[in-house]
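Novice: Below is one structure. I have some questions about it.
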Amino acid sequence: MSELLKTPLHDLHVKLGARMVGFAGYAMPVQYPAGVMAEHLHTRAHAGLFDVSHMGQVRLDGAAPGALAAALETLIPQDVRALGVNRQRYGFLTAPDGGILDDLMFANRGDHLFVVVNAACKVADIAHMRAALPAGIAVTELADRALLALQGPAAENVLAALDPAARDMRFMDLRDLTLAGLPVWASRSGYTGEDGYEISVPAADAAALAEALLAHPDVAPIGLGARDSLRLEAGLCLYGQDMDTATTPAEAALGWAIQKARRTGGARAGGFPGADTILAQLDGGTDRLRVGLRPQSRAPMRTGVPLFAESEGGVQVGEITSGGFGPTLGAPVAMGYVPPTLAQPGTQIFGELRGKRLPLEVSTLPFVPNRFKR
Amino acid sequence: MKFTEEHEWLRPEDDVIVVGITQHAATQLGDIVFVELPEVGTEVTKDDEVVVIESVKAASDILAPLDGEIVEINEALPDNPALVNEDPQGEAWFFKIRPSEPQQMDEYMDEAGYLALIS
């Protein structure tokens, strides 16, 4: 087992008293002394600063903008060509069988595309892009950059105090900013359901930027523990858990992220790996669907809990893929896969926990309303 | 007061033993969000899983430290699991057990031994 990698903020995490754990090959802060619950609630009420430097930041260039967008469209089912300059979109790399290789954010930067992929997948994603994109397109990992997320209702004021241009951005805009004298680019996006920003900064400047943000009284450092409970309450998928190579976009209820132009009857329908399967499922349905689940007792139901239609007997109909306690709701929340016949919000199903079948109610997602600045 | 390697504390009170988890354990577990206690009257054997506690991070089992009968449970905990973080070695006791083999207490550490274990 090789040594864990360190992000540029490692020393700062240690100084702040973080409990460090291994995650996707990196030493990452799972929580600070405040603890997961307080960090979660702080983010929803004020602003939280997250180190997400383990994620892969990738630049695609080497072709004219149209050709570059067309090339990426061969790997993902999203509409890249219609994406305006300095706009960002959510997407995913698909496999020939319709499975999901990874989910990602991609942005049109005019002369290049900027892509952010999951830490655990970044080596494979980059190799896949290099192998599959036309010769001439350069796939460059921006390994000399850190990525910070500032999330929560106070994020706009915190960032605008450093660069007023931050206030003019709307959800999914990307912009070059100067924060505390440091050149960065930031998108108005995140993984918490809150308004906020994701900030790409040269690694050498990352600690100085983090300290400048933490100097604001509304900002607290937030670990991976709260990042997970925040994204779960926001109904957002975690790759490797809520979707993977064995789940398709339609099964994962990610059809909203596949724009019209790439769907059946669209201007550029198909043309991405697994298109036949994925489009057929978007049109005709699937055998299972990702849904939100609200356990009806206080007991959290976590990943792997088997789901049943009945309180006793019967065969397993699905499984929880993410679950835990939602601090904002003060109650357990979960996501999992069920057959379409059980996917209607309000449907009661059962999860088997420690040998007992406990009721859950199928719920709409997100559990906590999004507060994006659209 | 005695301590187990499973981070439980055992406090004799008349003819019963009061059981809870240590401050160290509560800190390690993080914010407790769920506690499931056994029923009063349950006969347990040492190392039976008698309590389930869940933090925001994970579920943990608390094992019966002794053979005996559960004679009282802390009714306040299921409705207020956070009490375990606030006062683990006081208000947030889990259950009282009437031991059938009281000499099993001798197997456990005193406070100095426990502090050495976690240091």
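Following the order of the structure tokens, first chain is A, next is B, and so on, with residues numbered from 1 inside each chain and ligands from 1 in the order they appear.
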Identify, on the basis of only C-alpha atoms, every residue whose closest approach to Glu352 of chain A does not exceed 9 Å; exclude the query and any residue fewer than 3 positions from it along the same chain; express the result as a PyMOL selection string.
Specialist: chain A and resi 301+305-308+355-359
Novice: Residues of chain B were defined as contacting chain A if any atom lay at most 7 Å from it, counting only C-alpha atoms; please report them as a ChimeraX atom specification.
Specialist: /B:30-31,34,56
Novice: What's around Gln103 of chain B at 12 Å? Count only C-alpha atoms, leave out sequence neighbours fewer than 4 positions away in its own chain, and write the answer as a PyMOL selection string.
Specialist: chain B and resi 65-68+99+107-108
Novice: Produce a file of the selected residues containing N, CA and C atoms, as a compact mmCIF listing (two decimals), in the first residue's frame.
Specialist:
# COMPACT_ATOMS: atom_id res chain seq x y z
N PRO B 65 -21.53 -6.49 29.05
CA PRO B 65 -20.24 -6.76 29.69
C PRO B 65 -20.31 -7.93 30.68
N LEU B 66 -21.52 -8.32 31.03
CA LEU B 66 -21.71 -9.33 32.08
C LEU B 66 -22.91 -10.20 31.72
N ASP B 67 -22.96 -11.39 32.32
CA ASP B 67 -24.19 -12.19 32.28
C ASP B 67 -25.16 -11.56 33.27
N GLY B 68 -26.43 -11.57 32.92
CA GLY B 68 -27.39 -11.06 33.89
C GLY B 68 -28.69 -10.64 33.25
N PRO B 99 -26.17 -8.61 37.68
CA PRO B 99 -25.29 -9.69 37.22
C PRO B 99 -25.61 -11.03 37.88
N GLU B 107 -12.70 -9.08 35.81
CA GLU B 107 -11.89 -9.15 34.58
C GLU B 107 -11.57 -7.76 34.04
N TYR B 108 -12.30 -6.76 34.54
CA TYR B 108 -12.19 -5.46 33.89
C TYR B 108 -11.19 -4.53 34.56
Novice: What lies within 7 Å of Ile32 of chain B using only C-alpha atoms, ignoring chain neighbours under 4 positions off, as a VMD selection string?
Specialist: chain B and resid 54 to 56 81 to 82 84 to 85
Novice: Produce a file of the selected residues containing N, CA, C and O atoms, as an mmCIF file, in the first residue's frame.
Specialist:
data_model
loop_
_atom_site.group_PDB
_atom_site.id
_atom_site.type_symbol
_atom_site.label_atom_id
_atom_site.label_comp_id
_atom_site.auth_asym_id
_atom_site.auth_seq_id
_atom_site.Cartn_x
_atom_site.Cartn_y
_atom_site.Cartn_z
ATOM 1 N N GLU B 54 -25.842 4.738 16.867
ATOM 2 C CA GLU B 54 -25.403 5.204 15.552
ATOM 3 C C GLU B 54 -24.991 6.658 15.670
ATOM 4 O O GLU B 54 -25.701 7.482 16.236
ATOM 5 N N SER B 55 -23.828 6.943 15.109
ATOM 6 C CA SER B 55 -23.399 8.326 14.998
ATOM 7 C C SER B 55 -23.715 8.778 13.582
ATOM 8 O O SER B 55 -24.214 7.992 12.767
ATOM 9 N N VAL B 56 -23.423 10.038 13.274
ATOM 10 C CA VAL B 56 -23.599 10.485 11.900
ATOM 11 C C VAL B 56 -22.758 9.642 10.953
ATOM 12 O O VAL B 56 -23.065 9.526 9.789
ATOM 13 N N PRO B 81 -30.646 11.249 21.703
ATOM 14 C CA PRO B 81 -29.365 10.534 21.577
ATOM 15 C C PRO B 81 -28.153 11.427 21.817
ATOM 16 O O PRO B 81 -27.092 10.944 22.224
ATOM 17 N N ALA B 82 -28.324 12.731 21.591
ATOM 18 C CA ALA B 82 -27.191 13.653 21.738
ATOM 19 C C ALA B 82 -26.693 13.712 23.178
ATOM 20 O O ALA B 82 -25.567 14.158 23.432
ATOM 21 N N VAL B 84 -25.649 11.399 24.811
ATOM 22 C CA VAL B 84 -24.448 10.559 24.902
ATOM 23 C C VAL B 84 -23.190 11.389 24.664
ATOM 24 O O VAL B 84 -22.150 11.152 25.276
ATOM 25 N N ASN B 85 -23.275 12.376 23.780
ATOM 26 C CA ASN B 85 -22.123 13.240 23.555
ATOM 27 C C ASN B 85 -21.951 14.258 24.683
ATOM 28 O O ASN B 85 -20.842 14.624 25.030
#
Novice: Kindly give the distance, in Å, that separates atom CA of Met28 of chain A and atom CA of Lys6 of chain A, rounded to a single decimal.
Specialist: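 So the answer is 7.7 Å.
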Novice: What's the 12 Å shell around Met20 of chain A, counting only C-alpha atoms, without same-chain residues fewer than 4 positions away, as a ChimeraX atom specification?
Specialist: /A:4-7,9-16,26-33,223-225
Novice: Write a file of the selected residues as a PDB file, in the first residue's frame, keeping C-alpha atoms.
Specialist:
ATOM      1  CA  LEU A   4      -1.442   8.636   1.044  1.00  0.00           C
ATOM      2  CA  LEU A   5      -1.100  11.709  -1.125  1.00  0.00           C
ATOM      3  CA  LYS A   6      -1.448  15.119   0.476  1.00  0.00           C
ATOM      4  CA  THR A   7      -3.371  18.073  -0.864  1.00  0.00           C
ATOM      5  CA  LEU A   9      -3.965  22.252   2.316  1.00  0.00           C
ATOM      6  CA  HIS A  10      -2.736  19.268   4.318  1.00  0.00           C
ATOM      7  CA  ASP A  11      -0.747  21.265   6.855  1.00  0.00           C
ATOM      8  CA  LEU A  12      -3.652  23.658   7.330  1.00  0.00           C
ATOM      9  CA  HIS A  13      -6.051  20.763   8.025  1.00  0.00           C
ATOM     10  CA  VAL A  14      -3.686  19.399  10.652  1.00  0.00           C
ATOM     11  CA  LYS A  15      -3.266  22.855  12.172  1.00  0.00           C
ATOM     12  CA  LEU A  16      -7.056  23.219  12.359  1.00  0.00           C
ATOM     13  CA  TYR A  26      -5.466  11.098  -0.364  1.00  0.00           C
ATOM     14  CA  ALA A  27      -5.213  12.057   3.275  1.00  0.00           C
ATOM     15  CA  MET A  28      -8.384  14.098   3.694  1.00  0.00           C
ATOM     16  CA  PRO A  29     -10.111  15.814   6.642  1.00  0.00           C
ATOM     17  CA  VAL A  30     -13.217  13.819   7.592  1.00  0.00           C
ATOM     18  CA  GLN A  31     -14.107  16.335  10.288  1.00  0.00           C
ATOM     19  CA  TYR A  32     -12.684  19.190  12.311  1.00  0.00           C
ATOM     20  CA  PRO A  33     -13.123  19.596  16.082  1.00  0.00           C
ATOM     21  CA  GLY A 223     -14.764  17.873   6.342  1.00  0.00           C
ATOM     22  CA  LEU A 224     -15.803  14.986   4.134  1.00  0.00           C
ATOM     23  CA  GLY A 225     -18.288  13.732   6.730  1.00  0.00           C
TER      24      GLY A 225
END
Novice: So how many Å separate atom CA of His112 of chain A and atom CA of Ala24 of chain A, to one decimal?
Specialist: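 Here the two named atoms are 27.3 Å from each other.
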Novice: Identify, on the basis of only C-alpha atoms, every residue whose closest approach to Ile222 of chain A does not exceed 6 Å; exclude the query and any residue fewer than 6 positions from it along the same chain; express the result as a list in words.
Specialist: Glu39, Gly48, Leu49 and Phe50 of chain A
Novice: Would you pick out the contacts of Val115 of chain A at 6 Å or less, using only C-alpha atoms, so that residues sharing its chain but fewer than 3 positions from it are not included, and give the list as a VMD selection string?
Specialist: chain A and resid 57 to 58 105 to 106
Novice: Could you please take those selected residues and save C-alpha atoms as a compact mmCIF listing (two decimals), in the first residue's frame?
Specialist:
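Generated output (out.txt):
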# COMPACT_ATOMS: atom_id res chain seq x y z
CA GLN A 57 -8.95 19.13 -12.78
CA VAL A 58 -8.48 18.53 -16.47
CA MET A 105 -18.51 19.02 -14.35
CA PHE A 106 -17.40 20.57 -17.61
Novice: As a count of residues only, which residues of segment 102-259 of chain A does DSSP assign to alpha helix (DSSP H)?
Specialist: 45
Novice: Any idea what the distance is between atom CA of Glu233 of chain A and atom CA of Ile21 of chain B?
Specialist: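 Between these atoms lies a distance of 29.7 Å.
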Novice: Could you write out, as a VMD selection string, all the residues of segment 149-277 of chain A that DSSP marks as strand (DSSP E)?
Specialist: chain A and resid 149 to 151 174 to 179 182 to 187 196 to 202 219 to 221
Novice: Restricting the calculation to only C-alpha atoms, which member of B:His24, B:Asp61, B:Gln89, B:Leu83 is positioned closest to Ser119 of chain B?
Specialist: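 Residue with the minimum atom-to-atom distance to Ser119 of chain B: B:His24.
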Novice: Pick from A:Tyr90, A:Phe171, A:Tyr191, A:Phe114: nearest to Phe372 of chain A, with only C-alpha atoms counted?
Specialist: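 Selected residue with least distance to Phe372 of chain A: A:Phe171.
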